[in-house]
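Have a look at start_23.pdb; it's PDB, C-alpha atoms, pLDDT in the B column:
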MODEL        1
ATOM      1  CA  MET A   1     -10.225 -21.790  -9.254  1.00 82.00           C
ATOM      2  CA  GLN A   2     -11.479 -19.460 -11.988  1.00 83.00           C
ATOM      3  CA  GLU A   3     -11.772 -16.599  -9.496  1.00 88.00           C
ATOM      4  CA  ILE A   4      -8.223 -17.269  -8.282  1.00 93.00           C
ATOM      5  CA  LYS A   5      -6.810 -17.281 -11.816  1.00 92.00           C
ATOM      6  CA  ARG A   6      -8.696 -14.091 -12.684  1.00 91.00           C
ATOM      7  CA  ILE A   7      -7.315 -12.212  -9.679  1.00 92.00           C
ATOM      8  CA  LEU A   8      -3.780 -13.453 -10.354  1.00 94.00           C
ATOM      9  CA  SER A   9      -3.899 -12.586 -14.061  1.00 92.00           C
ATOM     10  CA  GLU A  10      -5.083  -9.037 -13.261  1.00 92.00           C
ATOM     11  CA  THR A  11      -2.280  -8.465 -10.727  1.00 94.00           C
ATOM     12  CA  PRO A  12       0.842  -6.840 -12.274  1.00 93.00           C
ATOM     13  CA  LEU A  13       3.239  -8.997 -10.248  1.00 93.00           C
ATOM     14  CA  PHE A  14       2.037 -12.174 -12.014  1.00 94.00           C
ATOM     15  CA  GLN A  15       1.653 -10.928 -15.579  1.00 92.00           C
ATOM     16  CA  SER A  16       4.925 -12.493 -16.760  1.00 92.00           C
ATOM     17  CA  LEU A  17       3.690 -16.011 -15.984  1.00 93.00           C
ATOM     18  CA  SER A  18       2.799 -18.589 -18.615  1.00 93.00           C
ATOM     19  CA  PRO A  19      -0.639 -20.226 -18.347  1.00 92.00           C
ATOM     20  CA  TYR A  20       1.037 -23.300 -16.851  1.00 94.00           C
ATOM     21  CA  GLN A  21       2.905 -21.243 -14.247  1.00 94.00           C
ATOM     22  CA  LEU A  22      -0.234 -19.278 -13.450  1.00 93.00           C
ATOM     23  CA  GLY A  23      -1.910 -22.619 -12.808  1.00 93.00           C
ATOM     24  CA  MET A  24       0.945 -23.620 -10.485  1.00 93.00           C
ATOM     25  CA  ILE A  25       0.472 -20.464  -8.433  1.00 95.00           C
ATOM     26  CA  ALA A  26      -3.314 -20.821  -8.458  1.00 95.00           C
ATOM     27  CA  ALA A  27      -3.060 -24.398  -7.189  1.00 94.00           C
ATOM     28  CA  GLY A  28      -1.370 -23.104  -4.042  1.00 93.00           C
ATOM     29  CA  ALA A  29      -3.776 -20.224  -3.448  1.00 95.00           C
ATOM     30  CA  ARG A  30      -6.967 -19.902  -1.452  1.00 94.00           C
ATOM     31  CA  VAL A  31      -9.612 -17.189  -1.383  1.00 95.00           C
ATOM     32  CA  ILE A  32     -10.195 -15.218   1.822  1.00 95.00           C
ATOM     33  CA  HIS A  33     -13.339 -13.140   2.309  1.00 96.00           C
ATOM     34  CA  ALA A  34     -12.535 -10.689   5.108  1.00 96.00           C
ATOM     35  CA  THR A  35     -14.885  -8.140   6.616  1.00 96.00           C
ATOM     36  CA  ALA A  36     -13.846  -4.607   7.624  1.00 95.00           C
ATOM     37  CA  GLU A  37     -11.460  -4.463  10.617  1.00 94.00           C
ATOM     38  CA  THR A  38     -10.529  -8.147  10.288  1.00 95.00           C
ATOM     39  CA  SER A  39      -6.803  -8.751  10.850  1.00 95.00           C
ATOM     40  CA  VAL A  40      -5.448 -11.200   8.283  1.00 96.00           C
ATOM     41  CA  ILE A  41      -1.941 -10.997   9.743  1.00 96.00           C
ATOM     42  CA  CYS A  42      -0.820 -10.190  13.278  1.00 96.00           C
ATOM     43  CA  PRO A  43       2.648  -9.524  14.714  1.00 95.00           C
ATOM     44  CA  GLY A  44       4.377 -12.825  15.392  1.00 95.00           C
ATOM     45  CA  ASP A  45       2.404 -14.816  12.802  1.00 96.00           C
ATOM     46  CA  ALA A  46       4.450 -17.156  10.609  1.00 95.00           C
ATOM     47  CA  ALA A  47       4.724 -15.970   7.000  1.00 94.00           C
ATOM     48  CA  ASP A  48       4.005 -19.159   5.088  1.00 94.00           C
ATOM     49  CA  GLY A  49       2.819 -17.300   1.982  1.00 95.00           C
ATOM     50  CA  MET A  50       1.933 -13.917   0.525  1.00 95.00           C
ATOM     51  CA  PHE A  51      -1.331 -12.029   0.028  1.00 97.00           C
ATOM     52  CA  VAL A  52      -2.898 -10.568  -3.104  1.00 96.00           C
ATOM     53  CA  ILE A  53      -5.775  -8.081  -2.853  1.00 96.00           C
ATOM     54  CA  GLY A  54      -8.480  -8.996  -5.343  1.00 94.00           C
ATOM     55  CA  ASP A  55     -10.936  -6.411  -4.050  1.00 94.00           C
ATOM     56  CA  GLY A  56     -10.976  -4.071  -1.071  1.00 95.00           C
ATOM     57  CA  GLN A  57      -8.232  -2.445   0.976  1.00 95.00           C
ATOM     58  CA  VAL A  58      -5.803  -3.281   3.785  1.00 96.00           C
ATOM     59  CA  ARG A  59      -3.744  -1.119   6.096  1.00 95.00           C
ATOM     60  CA  ILE A  60      -0.347  -2.318   7.283  1.00 95.00           C
ATOM     61  CA  GLY A  61       1.039  -0.993  10.531  1.00 93.00           C
ATOM     62  CA  PHE A  62       2.107  -1.346  14.137  1.00 92.00           C
ATOM     63  CA  GLU A  63       0.063  -1.286  17.332  1.00 87.00           C
ATOM     64  CA  LEU A  64       1.080   1.568  19.655  1.00 84.00           C
ATOM     65  CA  CYS A  65       1.261   1.381  23.433  1.00 83.00           C
ATOM     66  CA  ASN A  66      -1.513   3.979  23.758  1.00 79.00           C
ATOM     67  CA  GLY A  67      -3.898   1.810  21.743  1.00 75.00           C
ATOM     68  CA  GLY A  68      -3.395   3.706  18.487  1.00 79.00           C
ATOM     69  CA  GLU A  69      -1.884   2.564  15.213  1.00 86.00           C
ATOM     70  CA  ARG A  70       1.190   3.568  13.231  1.00 87.00           C
ATOM     71  CA  ILE A  71       0.161   3.048   9.599  1.00 91.00           C
ATOM     72  CA  ILE A  72       3.004   2.382   7.158  1.00 89.00           C
ATOM     73  CA  ALA A  73       0.985   1.438   4.065  1.00 91.00           C
ATOM     74  CA  ILE A  74      -2.549   1.513   2.685  1.00 92.00           C
ATOM     75  CA  LEU A  75      -2.902  -1.033  -0.122  1.00 94.00           C
ATOM     76  CA  GLY A  76      -5.721  -1.627  -2.584  1.00 92.00           C
ATOM     77  CA  MET A  77      -6.775  -3.822  -5.493  1.00 92.00           C
ATOM     78  CA  LYS A  78      -4.058  -5.692  -7.442  1.00 93.00           C
ATOM     79  CA  GLN A  79      -1.451  -5.005  -4.764  1.00 94.00           C
ATOM     80  CA  CYS A  80       0.448  -7.561  -2.686  1.00 95.00           C
ATOM     81  CA  PHE A  81       1.835  -7.756   0.828  1.00 95.00           C
ATOM     82  CA  GLY A  82       3.765 -10.196   2.983  1.00 94.00           C
ATOM     83  CA  LEU A  83       6.227 -10.952   0.194  1.00 93.00           C
ATOM     84  CA  GLY A  84       9.421  -9.983   2.031  1.00 93.00           C
ATOM     85  CA  GLU A  85       8.543 -11.938   5.163  1.00 94.00           C
ATOM     86  CA  MET A  86       7.611 -14.967   3.052  1.00 94.00           C
ATOM     87  CA  LEU A  87      10.888 -14.974   1.107  1.00 92.00           C
ATOM     88  CA  LEU A  88      12.975 -14.467   4.260  1.00 92.00           C
ATOM     89  CA  GLU A  89      10.870 -16.964   6.220  1.00 93.00           C
ATOM     90  CA  ARG A  90      10.513 -14.388   8.998  1.00 94.00           C
ATOM     91  CA  ARG A  91       7.537 -13.778  11.256  1.00 96.00           C
ATOM     92  CA  TYR A  92       5.430 -10.666  10.684  1.00 95.00           C
ATOM     93  CA  LEU A  93       6.312  -7.551  12.655  1.00 94.00           C
ATOM     94  CA  THR A  94       3.181  -5.695  11.528  1.00 95.00           C
ATOM     95  CA  PHE A  95      -0.556  -6.221  11.403  1.00 96.00           C
ATOM     96  CA  GLY A  96      -2.583  -6.338   8.199  1.00 96.00           C
ATOM     97  CA  ARG A  97      -6.131  -5.117   8.849  1.00 96.00           C
ATOM     98  CA  MET A  98      -8.927  -4.624   6.356  1.00 96.00           C
ATOM     99  CA  THR A  99     -10.345  -1.109   6.056  1.00 94.00           C
ATOM    100  CA  ARG A 100     -13.469  -2.470   4.350  1.00 94.00           C
ATOM    101  CA  ASP A 101     -14.950  -5.810   3.233  1.00 96.00           C
ATOM    102  CA  SER A 102     -12.355  -7.393   0.959  1.00 96.00           C
ATOM    103  CA  VAL A 103     -11.441 -10.427  -1.127  1.00 96.00           C
ATOM    104  CA  LEU A 104      -7.852 -11.673  -0.802  1.00 96.00           C
ATOM    105  CA  LEU A 105      -5.772 -14.536  -2.084  1.00 96.00           C
ATOM    106  CA  HIS A 106      -3.237 -16.269   0.110  1.00 97.00           C
ATOM    107  CA  VAL A 107      -0.556 -17.952  -2.028  1.00 96.00           C
ATOM    108  CA  ASN A 108       1.716 -20.452  -0.287  1.00 95.00           C
ATOM    109  CA  ARG A 109       5.506 -20.195  -0.371  1.00 95.00           C
ATOM    110  CA  PRO A 110       6.368 -23.471  -2.206  1.00 95.00           C
ATOM    111  CA  CYS A 111       4.352 -22.473  -5.282  1.00 94.00           C
ATOM    112  CA  ILE A 112       6.040 -19.062  -5.444  1.00 94.00           C
ATOM    113  CA  THR A 113       9.552 -20.466  -5.043  1.00 93.00           C
ATOM    114  CA  ALA A 114       8.884 -23.176  -7.645  1.00 93.00           C
ATOM    115  CA  VAL A 115       8.007 -20.556 -10.277  1.00 94.00           C
ATOM    116  CA  VAL A 116      10.941 -18.340  -9.219  1.00 93.00           C
ATOM    117  CA  ARG A 117      13.320 -21.161 -10.164  1.00 92.00           C
ATOM    118  CA  GLU A 118      12.127 -21.280 -13.770  1.00 91.00           C
ATOM    119  CA  ASN A 119      10.930 -17.760 -14.653  1.00 94.00           C
ATOM    120  CA  PHE A 120      13.540 -14.990 -14.626  1.00 94.00           C
ATOM    121  CA  ALA A 121      10.967 -12.303 -15.508  1.00 94.00           C
ATOM    122  CA  PHE A 122       8.922 -13.252 -12.459  1.00 94.00           C
ATOM    123  CA  THR A 123      12.040 -13.143 -10.274  1.00 94.00           C
ATOM    124  CA  HIS A 124      12.775  -9.665 -11.635  1.00 94.00           C
ATOM    125  CA  ALA A 125       9.193  -8.603 -10.858  1.00 93.00           C
ATOM    126  CA  LEU A 126       9.581  -9.831  -7.268  1.00 93.00           C
ATOM    127  CA  LEU A 127      12.836  -7.897  -6.862  1.00 94.00           C
ATOM    128  CA  SER A 128      11.241  -4.767  -8.330  1.00 93.00           C
ATOM    129  CA  HIS A 129       8.307  -5.109  -5.948  1.00 91.00           C
ATOM    130  CA  LEU A 130      10.623  -5.381  -2.927  1.00 92.00           C
ATOM    131  CA  GLY A 131      12.762  -2.511  -4.224  1.00 92.00           C
ATOM    132  CA  ASN A 132       9.713  -0.276  -4.570  1.00 89.00           C
ATOM    133  CA  GLN A 133       8.630  -1.142  -1.028  1.00 87.00           C
ATOM    134  CA  PHE A 134      12.076  -0.245   0.303  1.00 88.00           C
ATOM    135  CA  HIS A 135      12.152   3.027  -1.646  1.00 86.00           C
ATOM    136  CA  ALA A 136       8.667   3.944  -0.388  1.00 83.00           C
ATOM    137  CA  LEU A 137       9.791   3.269   3.185  1.00 83.00           C
ATOM    138  CA  LEU A 138      12.782   5.584   2.746  1.00 85.00           C
ATOM    139  CA  ARG A 139      10.518   8.269   1.290  1.00 80.00           C
ATOM    140  CA  ASP A 140       8.273   7.953   4.333  1.00 78.00           C
ATOM    141  CA  ILE A 141      11.228   8.342   6.674  1.00 79.00           C
ATOM    142  CA  GLU A 142      12.278  11.422   4.729  1.00 77.00           C
ATOM    143  CA  SER A 143       8.739  12.828   4.793  1.00 72.00           C
ATOM    144  CA  HIS A 144       8.269  12.237   8.526  1.00 73.00           C
ATOM    145  CA  ALA A 145      11.564  14.025   9.161  1.00 73.00           C
ATOM    146  CA  LEU A 146       9.962  17.175   7.767  1.00 66.00           C
ATOM    147  CA  HIS A 147       9.214  19.611  10.557  1.00 72.00           C
ATOM    148  CA  SER A 148       5.637  20.700   9.926  1.00 87.00           C
ATOM    149  CA  ALA A 149       2.339  18.950   9.356  1.00 90.00           C
ATOM    150  CA  ARG A 150       1.784  21.120   6.277  1.00 90.00           C
ATOM    151  CA  GLN A 151       5.040  19.931   4.739  1.00 90.00           C
ATOM    152  CA  ARG A 152       4.076  16.279   5.254  1.00 89.00           C
ATOM    153  CA  ILE A 153       0.695  16.872   3.633  1.00 91.00           C
ATOM    154  CA  ALA A 154       2.241  18.766   0.709  1.00 91.00           C
ATOM    155  CA  ASP A 155       4.766  15.985   0.120  1.00 89.00           C
ATOM    156  CA  TYR A 156       2.031  13.334   0.254  1.00 89.00           C
ATOM    157  CA  LEU A 157      -0.282  15.172  -2.165  1.00 91.00           C
ATOM    158  CA  LEU A 158       2.504  15.879  -4.653  1.00 89.00           C
ATOM    159  CA  ARG A 159       3.489  12.201  -4.639  1.00 86.00           C
ATOM    160  CA  GLN A 160      -0.128  11.174  -5.146  1.00 87.00           C
ATOM    161  CA  GLN A 161      -0.458  13.655  -8.016  1.00 87.00           C
ATOM    162  CA  ARG A 162       2.495  12.053  -9.826  1.00 83.00           C
ATOM    163  CA  GLN A 163       0.707   8.689  -9.639  1.00 79.00           C
ATOM    164  CA  ALA A 164      -2.739  10.018 -10.667  1.00 73.00           C
ATOM    165  CA  PRO A 165      -3.809   9.840 -14.332  1.00 67.00           C
ATOM    166  CA  GLY A 166      -5.549  13.230 -14.221  1.00 69.00           C
ATOM    167  CA  ASP A 167      -5.252  16.516 -12.365  1.00 73.00           C
ATOM    168  CA  CYS A 168      -7.515  15.408  -9.526  1.00 86.00           C
ATOM    169  CA  ILE A 169      -6.221  13.294  -6.631  1.00 89.00           C
ATOM    170  CA  GLU A 170      -8.576  10.719  -5.147  1.00 88.00           C
ATOM    171  CA  LEU A 171      -7.575  10.033  -1.542  1.00 87.00           C
ATOM    172  CA  VAL A 172      -7.242   6.271  -1.147  1.00 85.00           C
ATOM    173  CA  ALA A 173      -8.924   6.228   2.259  1.00 88.00           C
ATOM    174  CA  CYS A 174     -10.857   8.393   4.696  1.00 88.00           C
ATOM    175  CA  LYS A 175      -9.116  11.499   6.000  1.00 88.00           C
ATOM    176  CA  ALA A 176      -8.646   9.987   9.463  1.00 88.00           C
ATOM    177  CA  LEU A 177      -6.736   7.050   7.991  1.00 89.00           C
ATOM    178  CA  ILE A 178      -4.633   9.298   5.744  1.00 90.00           C
ATOM    179  CA  ALA A 179      -3.828  11.391   8.822  1.00 90.00           C
ATOM    180  CA  ALA A 180      -2.663   8.261  10.645  1.00 87.00           C
ATOM    181  CA  ARG A 181      -0.579   7.339   7.604  1.00 87.00           C
ATOM    182  CA  LEU A 182       1.186  10.721   7.951  1.00 88.00           C
ATOM    183  CA  SER A 183       1.489  10.423  11.752  1.00 85.00           C
ATOM    184  CA  LEU A 184      -0.864  13.360  12.238  1.00 88.00           C
ATOM    185  CA  ALA A 185      -3.953  13.849  14.369  1.00 88.00           C
ATOM    186  CA  PRO A 186      -7.152  13.916  12.262  1.00 89.00           C
ATOM    187  CA  THR A 187      -7.915  17.434  13.505  1.00 93.00           C
ATOM    188  CA  THR A 188      -4.461  18.622  12.429  1.00 94.00           C
ATOM    189  CA  PHE A 189      -4.856  17.052   8.995  1.00 92.00           C
ATOM    190  CA  SER A 190      -8.274  18.674   8.468  1.00 93.00           C
ATOM    191  CA  ARG A 191      -7.071  22.053   9.736  1.00 94.00           C
ATOM    192  CA  GLU A 192      -4.073  22.090   7.394  1.00 94.00           C
ATOM    193  CA  LEU A 193      -6.226  21.077   4.410  1.00 93.00           C
ATOM    194  CA  GLN A 194      -8.601  23.909   5.213  1.00 93.00           C
ATOM    195  CA  GLY A 195      -5.659  26.304   5.488  1.00 93.00           C
ATOM    196  CA  LEU A 196      -4.322  25.258   2.076  1.00 93.00           C
ATOM    197  CA  CYS A 197      -7.805  25.670   0.625  1.00 93.00           C
ATOM    198  CA  GLY A 198      -8.122  29.126   2.124  1.00 93.00           C
ATOM    199  CA  GLU A 199      -4.816  30.144   0.542  1.00 93.00           C
ATOM    200  CA  GLY A 200      -5.944  28.899  -2.873  1.00 93.00           C
ATOM    201  CA  VAL A 201      -3.287  26.179  -3.030  1.00 92.00           C
ATOM    202  CA  ILE A 202      -5.754  23.261  -3.257  1.00 92.00           C
ATOM    203  CA  SER A 203      -9.465  22.569  -3.452  1.00 93.00           C
ATOM    204  CA  VAL A 204     -11.143  19.704  -1.607  1.00 91.00           C
ATOM    205  CA  ALA A 205     -14.470  17.992  -2.308  1.00 90.00           C
ATOM    206  CA  GLY A 206     -14.911  14.898  -0.157  1.00 87.00           C
ATOM    207  CA  ARG A 207     -11.965  12.649  -0.986  1.00 87.00           C
ATOM    208  CA  ARG A 208     -11.126  14.575  -4.169  1.00 89.00           C
ATOM    209  CA  VAL A 209      -8.220  17.009  -3.938  1.00 92.00           C
ATOM    210  CA  ARG A 210      -7.076  19.270  -6.752  1.00 91.00           C
ATOM    211  CA  ILE A 211      -3.754  21.115  -6.605  1.00 90.00           C
ATOM    212  CA  LEU A 212      -4.433  24.634  -7.851  1.00 90.00           C
ATOM    213  CA  ASN A 213      -0.999  26.144  -7.248  1.00 90.00           C
ATOM    214  CA  GLU A 214       1.716  23.518  -7.679  1.00 88.00           C
ATOM    215  CA  GLU A 215       4.526  26.086  -7.458  1.00 90.00           C
ATOM    216  CA  ARG A 216       3.297  27.186  -4.042  1.00 91.00           C
ATOM    217  CA  MET A 217       2.910  23.550  -2.970  1.00 90.00           C
ATOM    218  CA  GLN A 218       6.484  22.774  -4.051  1.00 89.00           C
ATOM    219  CA  SER A 219       7.780  25.823  -2.191  1.00 92.00           C
ATOM    220  CA  LEU A 220       6.447  24.405   1.077  1.00 88.00           C
ATOM    221  CA  LEU A 221       9.059  21.648   0.862  1.00 84.00           C
ATOM    222  CA  GLN A 222      12.015  23.986   0.359  1.00 78.00           C
TER     223      GLN A 222
ENDMDL
END

Show this structure as C-alpha cells.
Amino acid sequence: MQEIKRILSETPLFQSLSPYQLGMIAAGARVIHATAETSVICPGDAADGMFVIGDGQVRIGFELCNGGERIIAILGMKQCFGLGEMLLERRYLTFGRMTRDSVLLHVNRPCITAVVRENFAFTHALLSHLGNQFHALLRDIESHALHSARQRIADYLLRQQRQAPGDCIELVACKALIAARLSLAPTTFSRELQGLCGEGVISVAGRRVRILNEERMQSLLQ
C-alpha cells in the first residue's frame, strides 16, 4: 500500500487529491511488475480501469498486417494510459507493451469515478489529460502528413526540444522505436540523422541530440 500511495502521489494527475481521496484511489489499485515486451493491454480487452507507470516505459500502438507495429505513443514514468477507454467503458483498440522491465499500477474504475464526483480539481485534471492526448494525436496526424522523412524528424526534435529543460534532447527510446513512432524505417531514420549531422544542423551522441542550427531546422518545415 505504501508503494501504491508513493507512485500515486508522485504522478501529476493525482496531485490535487486529499490524503483521504488518495487512500480511496490506492484502495482500488494493484501493483503490476511487467517484464520487457509484456503486453498489459491487448485490442479487445475490457477497460475496467486505468494504468499509471511507476517505473519503466510502455509503447501504445496497433498491430499491422505485415507483423509490424504502428506506434502512437511512448510513455514513461508518472504518465497514465487507458483513461479514455475506462471513462467511456469501451474496449481497447490498441496494445500496451512494455519496452523494458516496468512497475505499473492498475486503478479500477469505481474508485476513479467516486473521487471525480467530489473533487472538481481532479475532474479538471482528467479533462486536461484527455485534451492533451487529443491535441498530441492531431499533431501526429499533421506531422505524418508532411512529405519527407526529414520534415517528420525535424518536427519531432523541435517538439522534444520545447519539452526539454536544457539544450540537449534525450531520446525517450532507442532509435528503432523512435523511427516506428514516426512511421519511418530505422535505416531511413538513421540516414536522415546522419545527413542533418553532416550539414551541421544537429549533433548526435547515442540517444543525446543537440540542435545546433534551430533556424535551419525550422526552415525544413516551411

Stretch 165-174 of chain A environment, 6 Å, all atoms listed in the file, sequence neighbours closer than 4 positions dropped, as a list in words:
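So, after excluding close chain neighbours, the residues are Gln161, Arg207, Arg208, Val209 and Arg210 of chain A.
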
Please evaluate the PyMOL selection byres ((chain A and resi 175) around 12) against the structure above and give the resulting residues as number ranges by chain.
A: 153, 170-174, 176-182, 184-193, 204-209

Assuming the chain letters and numbering stay as they are in my file, what does the PyMOL selection byres ((chain A and resi 28) around 6) actually select? List them as a PyMOL selection string.
chain A and resi 25-27+29+107-108+111

If I take atom CA of A:His124 and atom CA of A:Ser16, how far is one from the other in Å, to one decimal?
9.8 Å

Provide the atom CA of A:Phe120 to atom CA of A:Met24 distance in Å, to one decimal place.
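Atom-to-atom, atom CA of A:Phe120 and atom CA of A:Met24 are spaced 15.8 Å apart.
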
Distance query A:Thr123 at most 12 Å, all atoms listed in the file, self and fewer than 4 positions along chain excluded, as a list in words:
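Those residues are Leu13, Phe14, Gln15, Ser16, Leu17, Leu87, Ile112, Thr113, Ala114, Val115, Val116, Arg117, Glu118, Asn119, Leu127, Ser128, His129 and Leu130 of chain A.
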
Please save C-alpha atoms of the selected residues as a PDB file, keeping the file's coordinate frame.
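This is the output file part15.pdb:
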ATOM      1  CA  LEU A  13       3.239  -8.997 -10.248  1.00 93.00           C
ATOM      2  CA  PHE A  14       2.037 -12.174 -12.014  1.00 94.00           C
ATOM      3  CA  GLN A  15       1.653 -10.928 -15.579  1.00 92.00           C
ATOM      4  CA  SER A  16       4.925 -12.493 -16.760  1.00 92.00           C
ATOM      5  CA  LEU A  17       3.690 -16.011 -15.984  1.00 93.00           C
ATOM      6  CA  LEU A  87      10.888 -14.974   1.107  1.00 92.00           C
ATOM      7  CA  ILE A 112       6.040 -19.062  -5.444  1.00 94.00           C
ATOM      8  CA  THR A 113       9.552 -20.466  -5.043  1.00 93.00           C
ATOM      9  CA  ALA A 114       8.884 -23.176  -7.645  1.00 93.00           C
ATOM     10  CA  VAL A 115       8.007 -20.556 -10.277  1.00 94.00           C
ATOM     11  CA  VAL A 116      10.941 -18.340  -9.219  1.00 93.00           C
ATOM     12  CA  ARG A 117      13.320 -21.161 -10.164  1.00 92.00           C
ATOM     13  CA  GLU A 118      12.127 -21.280 -13.770  1.00 91.00           C
ATOM     14  CA  ASN A 119      10.930 -17.760 -14.653  1.00 94.00           C
ATOM     15  CA  LEU A 127      12.836  -7.897  -6.862  1.00 94.00           C
ATOM     16  CA  SER A 128      11.241  -4.767  -8.330  1.00 93.00           C
ATOM     17  CA  HIS A 129       8.307  -5.109  -5.948  1.00 91.00           C
ATOM     18  CA  LEU A 130      10.623  -5.381  -2.927  1.00 92.00           C
TER      19      LEU A 130
END

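Considering the residues A:His144, A:Asn213, A:Gly61, A:Gly67 and counting only C-alpha atoms, A:Glu199 has its shortest atom-to-atom contact with A:Asn213.
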
Which value, in Å to one decimal, gives the distance between atom CA of A:Leu126 and atom CA of A:Arg90?
16.9 Å

Might you spell out which residues the PyMOL selection byres ((chain A and resi 79) around 10) would select in the displayed file, as an mmCIF file with C-alpha atoms, in the coordinates of the input?
data_model
loop_
_atom_site.group_PDB
_atom_site.id
_atom_site.type_symbol
_atom_site.label_atom_id
_atom_site.label_comp_id
_atom_site.auth_asym_id
_atom_site.auth_seq_id
_atom_site.Cartn_x
_atom_site.Cartn_y
_atom_site.Cartn_z
ATOM 1 C CA THR A 11 -2.280 -8.465 -10.727
ATOM 2 C CA PRO A 12 0.842 -6.840 -12.274
ATOM 3 C CA LEU A 13 3.239 -8.997 -10.248
ATOM 4 C CA PHE A 51 -1.331 -12.029 0.028
ATOM 5 C CA VAL A 52 -2.898 -10.568 -3.104
ATOM 6 C CA ILE A 53 -5.775 -8.081 -2.853
ATOM 7 C CA GLY A 54 -8.480 -8.996 -5.343
ATOM 8 C CA ASP A 55 -10.936 -6.411 -4.050
ATOM 9 C CA GLN A 57 -8.232 -2.445 0.976
ATOM 10 C CA VAL A 58 -5.803 -3.281 3.785
ATOM 11 C CA ILE A 74 -2.549 1.513 2.685
ATOM 12 C CA LEU A 75 -2.902 -1.033 -0.122
ATOM 13 C CA GLY A 76 -5.721 -1.627 -2.584
ATOM 14 C CA MET A 77 -6.775 -3.822 -5.493
ATOM 15 C CA LYS A 78 -4.058 -5.692 -7.442
ATOM 16 C CA CYS A 80 0.448 -7.561 -2.686
ATOM 17 C CA PHE A 81 1.835 -7.756 0.828
ATOM 18 C CA HIS A 129 8.307 -5.109 -5.948
#

I'd like the contact shell of A:Met217 - 8 Å cut-off, all atoms listed in the file, skipping same-chain residues fewer than 6 positions apart - returned as an mmCIF file with C-alpha atoms, keeping the file's coordinate frame.
data_model
loop_
_atom_site.group_PDB
_atom_site.id
_atom_site.type_symbol
_atom_site.label_atom_id
_atom_site.label_comp_id
_atom_site.auth_asym_id
_atom_site.auth_seq_id
_atom_site.Cartn_x
_atom_site.Cartn_y
_atom_site.Cartn_z
ATOM 1 C CA ALA A 154 2.241 18.766 0.709
ATOM 2 C CA LEU A 158 2.504 15.879 -4.653
ATOM 3 C CA VAL A 201 -3.287 26.179 -3.030
ATOM 4 C CA ILE A 211 -3.754 21.115 -6.605
#

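Considering the residues A:Leu104, A:Arg162, A:Thr99, A:Asn66 and counting all atoms listed in the file, A:Glu3 has its shortest atom-to-atom contact with A:Leu104.
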
Using all atoms of stretch 90-102 of chain A that appear in the file, construct an axis-aligned enclosing box with 6 Å of padding on every side and provide its centre coordinates and edge lengths in Å, rounded to one decimal, as lines of an AutoDock Vina configuration file.
center_x = -2.2
center_y = -7.7
center_z = 6.8
size_x = 37.5
size_y = 25.3
size_z = 23.7

Quick one: everything within 8 Å of A:Glu89, counting all atoms listed in the file, minus sequence neighbours fewer than 2 positions away in the same chain. Send it as a PyMOL selection string.
chain A and resi 46-48+85-87+91

Quick one: write out the picked residues with C-alpha atoms as a PDB file, in the coordinates of the input?
ATOM      1  CA  ALA A  46       4.450 -17.156  10.609  1.00 95.00           C
ATOM      2  CA  ALA A  47       4.724 -15.970   7.000  1.00 94.00           C
ATOM      3  CA  ASP A  48       4.005 -19.159   5.088  1.00 94.00           C
ATOM      4  CA  GLU A  85       8.543 -11.938   5.163  1.00 94.00           C
ATOM      5  CA  MET A  86       7.611 -14.967   3.052  1.00 94.00           C
ATOM      6  CA  LEU A  87      10.888 -14.974   1.107  1.00 92.00           C
ATOM      7  CA  ARG A  91       7.537 -13.778  11.256  1.00 96.00           C
TER       8      ARG A  91
END

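Among the candidates A:Asp155, A:Glu63, A:Glu69, A:Asp101, the one nearest to A:Ala36 when counting all atoms listed in the file is A:Asp101.
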
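Residues with any atom within 7 Å of A:Gly200, counting all atoms listed in the file and excluding same-chain neighbours fewer than 3 positions away, are Leu196, Cys197 and Leu212 of chain A.
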
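Near (2.3, -1.5, 6.6), the residues inside the 7 Å limit, counting all atoms listed in the file, come to Arg59, Ile60, Gly61, Ile71, Ile72, Ala73, Ile74 and Thr94 of chain A.
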